[in-house]
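S.K.: mmCIF, C-alpha atoms, file my_file29.cif:
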data_my_file
loop_
_atom_site.label_atom_id
_atom_site.label_comp_id
_atom_site.auth_asym_id
_atom_site.auth_seq_id
_atom_site.Cartn_x
_atom_site.Cartn_y
_atom_site.Cartn_z
CA MET R 1 10.78 -18.92 -42.22
CA ASP R 2 8.01 -17.62 -39.95
CA ARG R 3 10.20 -14.69 -38.87
CA VAL R 4 10.51 -13.24 -42.37
CA CYS R 5 9.79 -9.50 -42.61
CA PRO R 6 6.80 -8.41 -44.68
CA GLY R 7 8.20 -7.91 -48.16
CA GLY R 8 11.10 -10.30 -47.60
CA GLY R 9 14.33 -10.39 -45.65
CA TRP R 10 15.15 -10.94 -42.00
CA ASN R 11 16.47 -8.95 -39.06
CA ALA R 12 17.89 -10.09 -35.70
CA GLY R 13 14.44 -10.85 -34.28
CA ASN R 14 10.80 -10.76 -35.28
CA GLY R 15 9.49 -9.43 -38.57
CA VAL R 16 6.46 -7.83 -36.95
CA VAL R 17 6.19 -6.43 -33.41
CA TYR R 18 2.90 -5.14 -32.00
CA GLY R 19 1.50 -5.00 -35.51
CA SER R 20 4.37 -2.90 -36.86
CA PRO R 21 6.56 -4.41 -39.54
CA LEU R 22 10.28 -4.23 -38.79
CA ALA R 23 12.89 -3.55 -41.43
CA PRO R 24 15.11 -6.40 -42.60
CA HIS R 25 18.89 -6.25 -42.22
CA PRO R 26 21.21 -7.07 -45.13
CA ASP R 27 23.54 -9.29 -43.09
CA ASP R 28 20.78 -11.25 -41.32
CA THR R 29 19.00 -11.70 -44.64
CA ALA R 30 22.18 -12.90 -46.32
CA ILE R 31 22.93 -15.37 -43.53
CA ALA R 32 19.40 -16.78 -43.75
CA LEU R 33 19.61 -17.02 -47.54
CA LEU R 34 22.91 -18.89 -47.35
CA ALA R 35 21.27 -21.39 -45.02
CA LEU R 36 18.36 -21.67 -47.46
CA SER R 37 20.43 -21.94 -50.63
CA ASP R 38 18.82 -25.31 -51.40
CA ARG R 39 15.30 -23.80 -51.37
CA ARG R 40 15.59 -21.37 -54.24
CA GLN R 41 12.00 -21.95 -55.41
CA ASN R 42 10.42 -21.08 -52.08
CA PRO R 43 8.43 -17.81 -52.37
CA VAL R 44 9.78 -16.52 -49.04
CA VAL R 45 13.32 -17.14 -50.24
CA GLN R 46 12.64 -15.54 -53.60
CA SER R 47 11.16 -12.38 -52.11
CA SER R 48 14.11 -12.15 -49.72
CA VAL R 49 16.60 -12.52 -52.58
CA GLN R 50 14.78 -9.71 -54.37
CA TRP R 51 14.91 -7.51 -51.26
CA LEU R 52 18.64 -8.12 -50.87
CA GLU R 53 19.24 -7.38 -54.55
CA ARG R 54 17.60 -3.98 -54.04
CA ALA R 55 19.41 -3.22 -50.77
CA ALA R 56 22.90 -4.42 -51.68
CA PRO R 57 23.86 -1.62 -54.12
CA THR R 58 23.26 0.96 -51.35
CA LEU R 59 25.63 -0.70 -48.87
CA THR R 60 28.83 1.06 -47.92
CA ALA R 61 29.90 -1.13 -44.99
CA PRO R 62 32.18 -4.10 -45.76
CA TRP R 63 30.47 -6.54 -43.36
CA SER R 64 27.02 -6.26 -44.95
CA LEU R 65 28.33 -5.95 -48.48
CA ALA R 66 30.47 -9.08 -48.13
CA TRP R 67 27.54 -11.08 -46.74
CA ALA R 68 25.33 -9.83 -49.59
CA ILE R 69 27.87 -10.95 -52.23
CA LEU R 70 28.12 -14.42 -50.73
CA ALA R 71 24.34 -14.85 -50.43
CA LEU R 72 23.41 -13.48 -53.83
CA ALA R 73 26.12 -15.54 -55.50
CA ALA R 74 24.79 -18.62 -53.70
CA HIS R 75 21.40 -17.85 -55.22
CA ARG R 76 22.99 -17.43 -58.66
CA GLN R 77 22.42 -13.72 -58.92
CA PRO R 78 24.95 -11.40 -60.59
CA VAL R 79 27.42 -9.89 -58.13
CA VAL R 80 29.96 -8.26 -60.45
CA SER R 81 29.02 -4.68 -59.58
CA LEU R 82 28.79 -5.49 -55.86
CA PHE R 83 32.21 -7.10 -56.04
CA ALA R 84 33.58 -3.93 -57.63
CA SER R 85 31.96 -1.83 -54.89
CA LEU R 86 33.57 -3.95 -52.19
CA VAL R 87 37.01 -3.70 -53.75
CA ALA R 88 36.58 0.08 -54.06
CA LEU R 89 35.63 0.72 -50.42
CA PRO R 90 38.04 3.35 -49.13
CA ASP R 91 38.58 1.82 -45.68
CA LEU R 92 39.01 -1.75 -46.83
CA SER R 93 42.67 -1.94 -45.89
CA ASN R 94 42.01 -0.49 -42.44
CA ILE R 95 39.53 -3.07 -41.18
CA GLU R 96 40.43 -3.83 -37.57
CA ASP R 97 37.74 -6.36 -36.75
CA THR R 98 38.99 -9.84 -37.62
CA SER R 99 35.54 -11.28 -38.30
CA THR R 100 34.82 -8.53 -40.83
CA LEU R 101 38.25 -9.01 -42.39
CA ALA R 102 37.69 -12.76 -42.72
CA LEU R 103 34.28 -12.22 -44.26
CA VAL R 104 35.64 -9.75 -46.80
CA CYS R 105 38.35 -12.28 -47.76
CA LEU R 106 35.66 -14.91 -48.32
CA ALA R 107 33.59 -12.52 -50.44
CA LEU R 108 36.61 -11.55 -52.54
CA ASP R 109 37.01 -15.25 -53.39
CA TYR R 110 33.32 -16.11 -53.24
CA ARG R 111 33.34 -19.02 -55.69
CA ARG R 112 35.90 -21.00 -53.70
CA ALA R 113 34.39 -19.86 -50.42
CA LEU R 114 30.91 -21.09 -51.31
CA SER R 115 32.29 -24.29 -52.77
CA ALA R 116 34.15 -24.95 -49.52
CA PHE R 117 30.84 -24.72 -47.71
CA GLY R 118 29.15 -27.07 -50.17
CA VAL R 119 27.19 -24.47 -52.11
CA THR R 120 27.17 -25.05 -55.86
CA ILE R 121 26.81 -21.98 -58.05
CA MET X 1 6.71 -23.78 31.77
CA ILE X 2 10.02 -25.56 32.10
CA LEU X 3 12.12 -25.56 28.94
CA THR X 4 14.22 -28.70 28.75
CA ARG X 5 17.45 -28.91 26.79
CA ARG X 6 15.66 -31.19 24.28
CA ASP X 7 12.86 -28.61 23.77
CA PHE X 8 15.44 -25.90 23.28
CA LEU X 9 17.33 -27.88 20.62
CA ILE X 10 14.14 -28.79 18.74
CA GLY X 11 12.97 -25.18 18.87
CA SER X 12 16.31 -23.88 17.62
CA ALA X 13 16.36 -26.36 14.75
CA ALA X 14 12.82 -25.34 13.75
CA LEU X 15 13.78 -21.68 13.83
CA ALA X 16 16.84 -22.32 11.73
CA ALA X 17 14.87 -24.35 9.20
CA GLY X 18 12.21 -21.64 8.94
CA ALA X 19 14.83 -18.98 8.50
CA SER X 20 16.58 -20.90 5.76
CA VAL X 21 13.35 -20.89 3.75
CA SER X 22 12.14 -17.37 4.41
CA VAL X 23 15.31 -15.31 4.72
CA PRO X 24 16.33 -15.45 1.02
CA PHE X 25 13.13 -13.57 0.11
CA PHE X 26 14.17 -10.72 2.38
CA LEU X 27 17.81 -10.66 1.45
CA PRO X 28 18.72 -7.85 -0.97
CA LYS X 29 19.98 -8.92 -4.38
CA TYR X 30 22.55 -6.17 -4.52
CA HIS X 31 25.98 -6.46 -2.97
CA SER X 32 26.46 -2.88 -1.86
CA VAL X 33 24.54 0.36 -1.62
CA GLN X 34 25.92 2.85 -4.15
CA ARG X 35 23.13 5.38 -3.73
CA PRO X 36 24.28 8.97 -3.06
CA LYS X 37 22.66 10.92 -0.24
CA ARG X 38 21.30 13.43 -2.72
CA SER X 39 21.27 13.66 -6.51
CA ARG X 40 21.19 16.53 -8.93
CA VAL X 41 19.19 16.76 -12.13
CA ALA X 42 19.03 19.58 -14.67
CA ILE X 43 16.33 19.93 -17.28
CA LEU X 44 17.33 22.05 -20.28
CA HIS X 45 14.95 23.36 -22.90
CA ALA X 46 16.02 22.76 -26.51
CA GLU X 47 13.57 23.13 -29.35
CA LYS X 48 15.67 21.52 -32.06
CA TYR X 49 18.98 19.94 -32.93
CA SER X 50 21.27 22.81 -33.84
CA GLN X 51 24.75 24.15 -33.26
CA GLN X 52 23.41 26.01 -30.19
CA ILE X 53 23.34 22.69 -28.33
CA ASP X 54 27.10 23.14 -27.78
CA GLN X 55 26.69 26.25 -25.65
CA MET X 56 23.56 24.99 -23.96
CA LEU X 57 25.22 21.78 -22.86
CA ALA X 58 28.35 23.56 -21.68
CA ALA X 59 26.18 25.85 -19.56
CA GLY X 60 24.20 22.88 -18.26
CA LEU X 61 27.35 21.04 -17.20
CA ARG X 62 28.40 24.07 -15.17
CA LEU X 63 25.42 23.37 -12.91
CA PHE X 64 27.29 20.25 -11.71
CA PRO X 65 30.61 19.82 -9.93
CA VAL X 66 31.91 17.69 -12.81
CA ASN X 67 35.61 16.88 -12.60
CA VAL X 68 37.00 15.09 -15.64
CA GLN X 69 40.45 16.67 -15.52
CA GLY X 70 42.95 14.14 -16.90
CA LYS X 71 40.30 11.43 -17.14
CA THR X 72 39.19 9.12 -19.91
CA VAL X 73 35.57 9.94 -20.68
CA VAL X 74 33.46 7.36 -22.49
CA LEU X 75 30.22 8.59 -24.04
CA LYS X 76 27.70 5.78 -24.46
CA PRO X 77 24.90 6.91 -26.80
CA ASN X 78 21.85 4.87 -27.70
CA LEU X 79 22.61 3.67 -31.22
CA VAL X 80 20.42 0.69 -31.99
CA ASP X 81 19.53 0.64 -35.64
CA TYR X 82 18.61 3.06 -38.39
CA ILE X 83 15.11 3.43 -39.79
CA PRO X 84 14.56 6.61 -41.82
CA GLY X 85 12.20 9.02 -40.07
CA ASN X 86 12.23 7.19 -36.72
CA ALA X 87 13.72 8.90 -33.66
CA ILE X 88 15.64 5.82 -32.57
CA ASN X 89 19.14 7.00 -31.80
CA THR X 90 20.72 9.68 -29.64
CA HIS X 91 21.27 12.53 -32.08
CA PRO X 92 24.92 12.83 -33.19
CA LEU X 93 24.92 16.61 -32.63
CA LEU X 94 24.29 16.05 -28.92
CA VAL X 95 27.11 13.52 -28.74
CA LEU X 96 29.49 15.92 -30.50
CA ALA X 97 28.46 18.69 -28.09
CA ALA X 98 29.14 16.42 -25.12
CA ALA X 99 32.55 15.45 -26.49
CA GLU X 100 33.46 19.08 -27.01
CA SER X 101 32.30 20.04 -23.51
CA PHE X 102 34.27 17.30 -21.77
CA ARG X 103 37.36 18.14 -23.81
CA ARG X 104 37.06 21.76 -22.69
CA LEU X 105 36.69 20.57 -19.10
CA GLY X 106 40.12 18.98 -19.37
CA ALA X 107 39.40 15.33 -20.12
CA LYS X 108 42.51 13.40 -21.15
CA SER X 109 40.51 11.69 -23.88
CA VAL X 110 36.89 11.46 -24.96
CA LEU X 111 35.64 8.55 -26.99
CA VAL X 112 32.28 7.25 -28.09
CA ALA X 113 31.45 3.61 -27.49
CA GLU X 114 28.38 1.53 -28.28
CA GLY X 115 27.40 -2.00 -29.16
CA PRO X 116 24.21 -1.70 -31.21
CA GLY X 117 21.60 -4.06 -29.88
CA HIS X 118 19.63 -4.82 -33.00
CA GLN X 119 21.98 -4.35 -35.93
CA ARG X 120 25.11 -6.52 -36.20
CA ASP X 121 26.77 -4.22 -38.72
CA THR X 122 27.89 -1.38 -36.49
CA GLU X 123 29.63 0.43 -39.32
CA LEU X 124 26.43 0.43 -41.34
CA VAL X 125 24.46 2.01 -38.47
CA LEU X 126 27.22 4.55 -37.90
CA SER X 127 27.19 5.48 -41.55
CA GLN X 128 23.39 5.63 -41.98
CA SER X 129 22.78 7.56 -38.76
CA GLY X 130 25.32 10.27 -39.54
CA TYR X 131 27.73 9.27 -36.75
CA LYS X 132 30.57 8.08 -38.95
CA GLU X 133 31.05 11.37 -40.73
CA ALA X 134 30.45 13.46 -37.60
CA LEU X 135 32.94 11.54 -35.46
CA ARG X 136 35.55 11.49 -38.22
CA ASP X 137 35.28 15.25 -38.75
CA GLU X 138 35.76 15.92 -35.04
CA LYS X 139 38.49 13.27 -34.69
CA ILE X 140 36.56 11.37 -32.04
CA ARG X 141 37.42 7.69 -31.70
CA PHE X 142 34.57 5.18 -31.79
CA VAL X 143 34.77 1.76 -30.12
CA ASP X 144 32.42 -1.02 -31.21
CA LEU X 145 31.52 -2.60 -27.87
CA ASN X 146 30.07 -5.62 -29.63
CA ARG X 147 33.59 -6.54 -30.69
CA ASP X 148 35.84 -4.99 -28.05
CA GLU X 149 38.35 -6.91 -25.92
CA LEU X 150 36.42 -8.62 -23.13
CA ILE X 151 37.06 -9.12 -19.44
CA ARG X 152 35.15 -11.62 -17.32
CA THR X 153 33.53 -9.42 -14.71
CA PRO X 154 31.79 -10.48 -11.47
CA LEU X 155 28.35 -8.91 -11.21
CA ARG X 156 27.67 -6.67 -8.23
CA ALA X 157 24.02 -7.66 -8.03
CA SER X 158 22.24 -10.95 -8.61
CA TYR X 159 18.83 -10.16 -10.08
CA MET X 160 19.61 -12.21 -13.23
CA GLY X 161 21.00 -15.13 -11.30
CA MET X 162 24.34 -14.96 -13.09
CA LYS X 163 27.68 -14.57 -11.34
CA ASP X 164 29.53 -12.80 -14.10
CA LEU X 165 29.41 -11.35 -17.60
CA TRP X 166 32.10 -10.77 -20.20
CA LEU X 167 32.22 -7.00 -20.60
CA PRO X 168 34.24 -4.64 -22.82
CA ARG X 169 37.58 -3.38 -21.55
CA THR X 170 36.84 0.11 -22.89
CA VAL X 171 33.89 0.51 -20.56
CA LEU X 172 35.47 -1.16 -17.53
CA GLU X 173 38.56 1.02 -17.77
CA ALA X 174 36.70 4.29 -18.34
CA ASP X 175 37.27 6.88 -15.63
CA PHE X 176 33.98 8.62 -16.37
CA LEU X 177 31.17 6.79 -18.13
CA VAL X 178 28.38 8.97 -19.50
CA SER X 179 25.10 7.32 -20.46
CA MET X 180 23.47 9.25 -23.30
CA PRO X 181 20.07 7.67 -23.90
CA LYS X 182 17.32 8.64 -26.27
CA ILE X 183 14.18 9.16 -24.20
CA LYS X 184 11.80 6.46 -25.46
CA ALA X 185 8.89 4.31 -24.48
CA HIS X 186 9.79 0.63 -24.78
CA HIS X 187 7.42 -2.23 -25.53
CA TRP X 188 9.21 -4.68 -23.21
CA SER X 189 10.59 -2.54 -20.37
CA GLY X 190 8.16 0.39 -20.32
CA VAL X 191 10.88 2.94 -20.89
CA THR X 192 14.40 2.97 -22.24
CA LEU X 193 16.47 5.66 -20.54
CA SER X 194 19.96 5.92 -19.04
CA MET X 195 19.78 2.60 -17.17
CA LYS X 196 18.35 0.52 -20.01
CA ASN X 197 20.90 2.18 -22.30
CA MET X 198 23.55 0.08 -20.56
CA PHE X 199 22.36 -2.95 -22.53
CA GLY X 200 24.65 -1.60 -25.22
CA VAL X 201 27.78 -2.47 -23.25
CA VAL X 202 26.98 -6.19 -23.41
CA PRO X 203 28.97 -7.59 -26.33
CA GLY X 204 26.91 -9.06 -29.15
CA ALA X 205 29.89 -11.07 -30.39
CA ARG X 206 29.69 -13.04 -27.15
CA TYR X 207 25.98 -12.96 -26.29
CA GLY X 208 24.29 -12.53 -29.66
CA TRP X 209 21.83 -10.06 -31.12
CA PRO X 210 19.57 -8.56 -29.88
CA LYS X 211 21.61 -9.20 -26.70
CA ASN X 212 19.75 -12.48 -26.26
CA ILE X 213 21.01 -13.42 -22.82
CA LEU X 214 19.58 -10.25 -21.29
CA HIS X 215 16.14 -10.91 -22.72
CA TRP X 216 16.17 -14.52 -21.54
CA LYS X 217 17.32 -13.61 -18.03
CA GLY X 218 14.80 -10.77 -17.72
CA ILE X 219 15.14 -7.21 -18.98
CA GLN X 220 14.46 -5.45 -15.67
CA GLU X 221 16.82 -7.84 -13.84
CA SER X 222 19.57 -7.37 -16.42
CA ILE X 223 19.32 -3.59 -16.22
CA LEU X 224 19.86 -3.70 -12.45
CA ASP X 225 22.82 -6.08 -12.58
CA LEU X 226 24.49 -4.08 -15.34
CA CYS X 227 24.03 -0.72 -13.63
CA ALA X 228 25.34 -2.14 -10.34
CA THR X 229 28.43 -3.50 -12.11
CA VAL X 230 29.25 -0.70 -14.56
CA PRO X 231 28.62 2.56 -12.71
CA VAL X 232 27.24 5.42 -14.78
CA ARG X 233 28.89 8.64 -13.60
CA PHE X 234 26.77 11.08 -15.55
CA VAL X 235 23.69 11.16 -17.77
CA ILE X 236 22.92 13.34 -20.78
CA ALA X 237 19.52 12.27 -22.09
CA ASP X 238 18.28 13.28 -25.52
CA GLY X 239 14.63 14.25 -25.29
CA ILE X 240 14.61 16.98 -27.91
CA VAL X 241 12.70 14.57 -30.10
CA ALA X 242 11.76 11.54 -28.01
CA MET X 243 9.73 8.45 -28.92
CA GLU X 244 6.35 7.26 -27.68
CA GLY X 245 4.29 4.16 -28.38
CA ASN X 246 5.91 1.04 -29.79
CA GLY X 247 9.53 1.88 -28.96
CA PRO X 248 12.44 1.34 -29.11
CA LEU X 249 12.36 1.07 -32.91
CA ASN X 250 8.88 1.60 -34.28
CA GLY X 251 7.35 4.20 -32.00
CA THR X 252 6.22 7.66 -32.99
CA PRO X 253 8.58 10.65 -32.75
CA ARG X 254 7.44 12.90 -29.89
CA PRO X 255 8.92 16.40 -29.61
CA LEU X 256 9.65 16.82 -25.89
CA GLU X 257 12.19 19.63 -26.37
CA LYS X 258 14.26 18.64 -23.35
CA ILE X 259 17.78 17.56 -22.52
CA VAL X 260 18.13 15.99 -19.08
CA LEU X 261 21.46 16.02 -17.25
CA ALA X 262 22.08 14.17 -13.99
CA ASP X 263 24.80 12.85 -11.73
CA ASP X 264 22.72 9.77 -10.90
CA PRO X 265 21.09 7.44 -13.46
CA VAL X 266 18.15 6.56 -11.21
CA ALA X 267 17.38 10.23 -10.61
CA ALA X 268 17.77 10.90 -14.33
CA ASP X 269 15.39 8.12 -15.29
CA ALA X 270 12.84 9.02 -12.61
CA THR X 271 12.85 12.60 -13.90
CA CYS X 272 12.57 11.52 -17.54
CA ALA X 273 9.70 9.21 -16.60
CA ARG X 274 7.89 12.12 -14.93
CA LEU X 275 8.48 14.24 -18.05
CA MET X 276 6.85 11.44 -20.04
CA GLY X 277 3.82 11.45 -17.73
CA PHE X 278 4.73 8.18 -15.99
CA GLU X 279 4.91 7.26 -12.32
CA PRO X 280 8.59 6.22 -11.91
CA ASP X 281 7.95 3.82 -9.05
CA ARG X 282 5.78 1.72 -11.38
CA ILE X 283 8.84 1.01 -13.52
CA VAL X 284 10.52 -2.00 -11.94
CA HIS X 285 14.16 -1.11 -12.57
CA ILE X 286 13.70 2.46 -11.33
CA ARG X 287 11.84 1.36 -8.20
CA GLU X 288 14.37 -1.36 -7.39
CA GLY X 289 17.34 0.81 -8.42
CA ALA X 290 16.20 3.45 -5.92
CA LYS X 291 17.00 0.97 -3.15
CA PHE X 292 20.71 0.86 -3.88
CA LEU X 293 21.80 2.67 -7.05
CA GLY X 294 20.34 6.15 -6.86
CA ASN X 295 17.45 8.36 -5.85
CA SER X 296 14.01 8.49 -7.41
CA ALA X 297 12.16 10.46 -4.73
CA PRO X 298 11.78 14.18 -5.59
CA ALA X 299 12.74 15.05 -2.01
CA LEU X 300 16.19 13.56 -2.61
CA ILE X 301 16.76 15.23 -5.98
CA ASP X 302 18.07 18.78 -6.35
CA GLN X 303 16.23 20.01 -9.39
CA VAL X 304 18.03 22.74 -11.34
CA GLY X 305 17.46 24.33 -14.73
CA GLU X 306 13.83 24.16 -15.85
CA THR X 307 10.99 23.17 -13.58
CA LEU X 308 9.79 19.60 -13.94
CA THR X 309 6.35 19.85 -15.54
CA PRO X 310 4.52 16.65 -16.49
CA PRO X 311 3.09 16.74 -20.02
CA THR X 312 -0.56 17.60 -20.65
CA THR X 313 -0.78 14.43 -22.72
CA PRO X 314 1.34 11.59 -21.37
CA PHE X 315 3.50 9.53 -23.69
CA GLN X 316 1.63 6.70 -25.38
CA VAL X 317 2.71 3.18 -24.48
CA VAL X 318 1.74 -0.29 -25.66
CA PRO X 319 -1.33 -1.68 -23.80
CA GLU X 320 0.77 -3.77 -21.36
CA PHE X 321 2.28 -0.59 -19.89
CA GLN X 322 -0.82 1.59 -19.54
CA TYR X 323 -0.42 1.29 -15.78
CA LEU X 324 2.71 3.47 -15.95
CA HIS X 325 0.63 6.58 -16.52
CA ALA X 326 0.57 8.84 -13.47
CA ARG X 327 -2.96 9.61 -12.27
#
What do you get writing this file as structure tokens?
M.R.:
Amino acid sequence: MDRVCPGGGWNAGNGVVYGSPLAPHPDDTAIALLALSDRRQNPVVQSSVQWLERAAPTLTAPWSLAWAILALAAHRQPVVSLFASLVALPDLSNIEDTSTLALVCLALDYRRALSAFGVTI
Amino acid sequence: MILTRRDFLIGSAALAAGASVSVPFFLPKYHSVQRPKRSRVAILHAEKYSQQIDQMLAAGLRLFPVNVQGKTVVLKPNLVDYIPGNAINTHPLLVLAAAESFRRLGAKSVLVAEGPGHQRDTELVLSQSGYKEALRDEKIRFVDLNRDELIRTPLRASYMGMKDLWLPRTVLEADFLVSMPKIKAHHWSGVTLSMKNMFGVVPGARYGWPKNILHWKGIQESILDLCATVPVRFVIADGIVAMEGNGPLNGTPRPLEKIVLADDPVAADATCARLMGFEPDRIVHIREGAKFLGNSAPALIDQVGETLTPPTTPFQVVPEFQYLHAR
């Protein structure tokens, strides 16, 4: 929680370095939010959900978009339009990286995926 | 004085014991000396990123006896993350120009490979930074080194204290590896140039982001072990717009208007450091690298192209690295 970026969200390291705020990453933020899905009332979590809600519609890469769908769904936010964006990605059938492919599969079936990990939505 | 056999044995044992303690401090941590007798560096003047870079780079490469005929050339840019307005990454136009030049020089194949150090989503960085479209248009293959096939590789130096690292097959099997750094000040290593750029070959899928193992084992040490193990054959450094201050992500763009080419990464980095107004021997990995990887002394570097002129105002650095400034 102490690594959160100013304004919400997380990246791979510190939120502030030498006094300069660093930008959050969608995937890191989503992973943190999934881990914090039982702390929905926490202000840090809420600001991070809001940041991800703003960032997610701009995403064009399946990895980040899939993570965003899973995290926002876990925090009971609407993901219908994000889901449609993921399905419509032009390169979706050409994903070579197995971890990205697996993540996209989970996002395309996000209710069952989250349930399997014990997250109630 | 008569030396008895007993005295001799005690003396020998003492000598051996003393040596066992003191010798390791004098032993080099590199396994072989790869340093060329002389190195060549070219400084090219380029005011902006434009289509003219193509011709300029082709002309610059003719200053070197580069032979890539029938070889697989891997271009390793510095592609870390994308923050609008920040000069973080090697500009895609320079990478395209390099690919075109090496193709014209007869390379069997030219590909671009990188494992972004800060951002896990490589495709997102490629897309945001303009690489995805540029590489697709020019039909240049990109390999994500964070997720490439890995080979357990013995290290050829032992500064980190590790015996091996899992490294990407694409890099290990390259015939001609070109480090293409962005010239930047760095808040943890002083500078990030062609040698530090090799952090990108360490796979995040195995070692985490931001390449955690290298930070834990020591940045300067990791740079030396990596450069000893994965030899950089050529350097094309992007200093058209460089970065000063709190690099590698949040520094200030600094127009340097230079492209630096070199056949030796140590010579390249020493030259870039001088262009930044730094004393190269105060940068640990350059000083240590000059013992076995390449040349940092001006007397051992054939300078071609533009004359090396230190800046009137040196690059800003974070307070911990003020001592880098040449006086």
S.K.: Just so the selection is clear, what residues does the PyMOL selection byres ((chain R) within 9 of (chain X)) cover here, as a PyMOL selection string?
M.R.: chain R and resi 11-13+17-18+20-23+25-28+59-64+97
S.K.: Go through stretch 225-281 of chain X residue by residue and, counting only C-alpha atoms, keep those with an atom at most 10 Å from stretch 66-75 of chain X; for each kept residue give the shortest atom pair and its distance in Å to one decimal, ordered by chain and increasing number, as a tab-separated table.
M.R.:
residue	atom	partner	partner_atom	distance
X:Arg233	CA	X:Val66	CA	9.6
X:Phe234	CA	X:Val66	CA	8.8
X:Val235	CA	X:Leu75	CA	9.4
X:Ile236	CA	X:Leu75	CA	9.3
X:Asp263	CA	X:Val66	CA	8.7
S.K.: Put a box with edges along x, y and z around all the listed atoms of stretch 58-63 of chain R, pad it by 5 Å on each side, then give me its centre and sizes in Å, one decimal, as JSON.
M.R.:
{"center_x": 27.7, "center_y": -2.7, "center_z": -47.4, "size_x": 18.9, "size_y": 17.6, "size_z": 18.0}
S.K.: For stretch 98-108 of chain X, please output as JSON, numbers by chain all residues within 12 Å (counting all atoms listed in the file; exclusion window: fewer than 6 positions along the same chain).
M.R.: {"X": [51, 53, 54, 55, 56, 57, 58, 59, 60, 61, 62, 64, 65, 66, 67, 68, 69, 70, 71, 72, 73, 74, 75, 76, 77, 90, 91, 92, 134, 135, 138, 139, 140, 141, 142, 174, 175, 176, 177, 178, 179, 180, 234, 235, 236, 237, 238, 259, 261]}
S.K.: Can you tell me how far atom CA of X:Ala262 sits from atom CA of X:Arg40, in Å to one decimal?
M.R.: 5.7 Å
S.K.: Can you tell me, as an mmCIF file with C-alpha atoms, in the coordinates of the input, what residues are no more than 10 Å from X:Tyr207 when counting only C-alpha atoms, ignoring any on the same chain fewer than 5 positions away?
M.R.:
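Contents of out07.cif, freshly written:
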data_model
loop_
_atom_site.group_PDB
_atom_site.id
_atom_site.type_symbol
_atom_site.label_atom_id
_atom_site.label_comp_id
_atom_site.auth_asym_id
_atom_site.auth_seq_id
_atom_site.Cartn_x
_atom_site.Cartn_y
_atom_site.Cartn_z
ATOM 1 C CA ASN X 146 30.070 -5.620 -29.630
ATOM 2 C CA LEU X 165 29.410 -11.350 -17.600
ATOM 3 C CA TRP X 166 32.100 -10.770 -20.200
ATOM 4 C CA VAL X 202 26.980 -6.190 -23.410
ATOM 5 C CA ASN X 212 19.750 -12.480 -26.260
ATOM 6 C CA ILE X 213 21.010 -13.420 -22.820
ATOM 7 C CA LEU X 214 19.580 -10.250 -21.290
#
S.K.: Leaving out X:Glu149 and any residue of its chain fewer than 4 positions from it, which residues lie within 9 Å of it when counting only C-alpha atoms, given as a PyMOL selection string?
M.R.: chain X and resi 145+167-170
S.K.: Choose the residue, out of R:Trp67, R:Ala107, R:Thr100, R:Leu34, that has the smallest atom-to-atom separation from R:Ala84; count all atoms listed in the file.
M.R.: R:Ala107
S.K.: Between R:Gln41, R:Thr58, R:Pro24, R:Ala71, which is the closest to R:Thr120 once you count all atoms listed in the file?
M.R.: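 With all atoms listed in the file as the atom set, the closest residue is R:Ala71.
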S.K.: Step by step, work through what the PyMOL selection byres ((chain X and resi 224) around 8) selects in the shown file, and finish by giving those residues as a short mmCIF file (atom, residue, chain, number, x, y, z; two decimals) with C-alpha atoms, in the coordinates of the input.
M.R.:
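Result file follows (selection_20.cif):
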data_model
loop_
_atom_site.label_atom_id
_atom_site.label_comp_id
_atom_site.auth_asym_id
_atom_site.auth_seq_id
_atom_site.Cartn_x
_atom_site.Cartn_y
_atom_site.Cartn_z
CA ALA X 157 24.02 -7.66 -8.03
CA TYR X 159 18.83 -10.16 -10.08
CA MET X 195 19.78 2.60 -17.17
CA GLN X 220 14.46 -5.45 -15.67
CA GLU X 221 16.82 -7.84 -13.84
CA SER X 222 19.57 -7.37 -16.42
CA ILE X 223 19.32 -3.59 -16.22
CA ASP X 225 22.82 -6.08 -12.58
CA LEU X 226 24.49 -4.08 -15.34
CA CYS X 227 24.03 -0.72 -13.63
CA ALA X 228 25.34 -2.14 -10.34
CA HIS X 285 14.16 -1.11 -12.57
CA GLU X 288 14.37 -1.36 -7.39
CA GLY X 289 17.34 0.81 -8.42
#
S.K.: Name the residues in contact with X:Thr271 at a cut-off of 10 Å, using all atoms listed in the file, excluding same-chain residues fewer than 4 positions from it; report them as a list in words.
M.R.: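 These residues fall inside the cut-off: Val41, Ala42, Ile43, Val260, Leu261, Ala262, Pro265, Val266, Ala267, Leu275, Met276, Gly277, Phe278, Glu279, Pro280, Ser296, Ala297, Pro298, Ile301, Gln303, Leu308, Thr309 and Pro310 of chain X.
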S.K.: I'd like the interatomic distance between atom CA of R:Glu96 and atom CA of R:Ala30, to a tenth of an Å.
M.R.: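 Atom CA of R:Ala30 lies at a distance of 22.2 Å from atom CA of R:Glu96.
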S.K.: Applying 12 Å and only C-alpha atoms, which residues near R:Asp109 remain after dropping the ones on its own chain fewer than 2 positions away? List them as a list in words.
M.R.: Ala66, Ile69, Leu70, Ala73, Val79, Phe83, Leu86, Val87, Ala102, Leu103, Val104, Cys105, Leu106, Ala107, Arg111, Arg112, Ala113, Leu114, Ser115 and Ala116 of chain R
S.K.: Going by the chain IDs and residue numbers used in this file, which residues fall under the PyMOL selection byres ((chain X and resi 323) around 12)? Write them as a ChimeraX atom specification.
M.R.: /X:190,277-283,314,316-322,324-327
S.K.: Would you work out the distance separating atom CA of X:Gly85 from atom CA of X:Lys196, expressed in Å to one decimal?
M.R.: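 Answer for the atom CA of X:Gly85 to atom CA of X:Lys196 separation: 22.6 Å.
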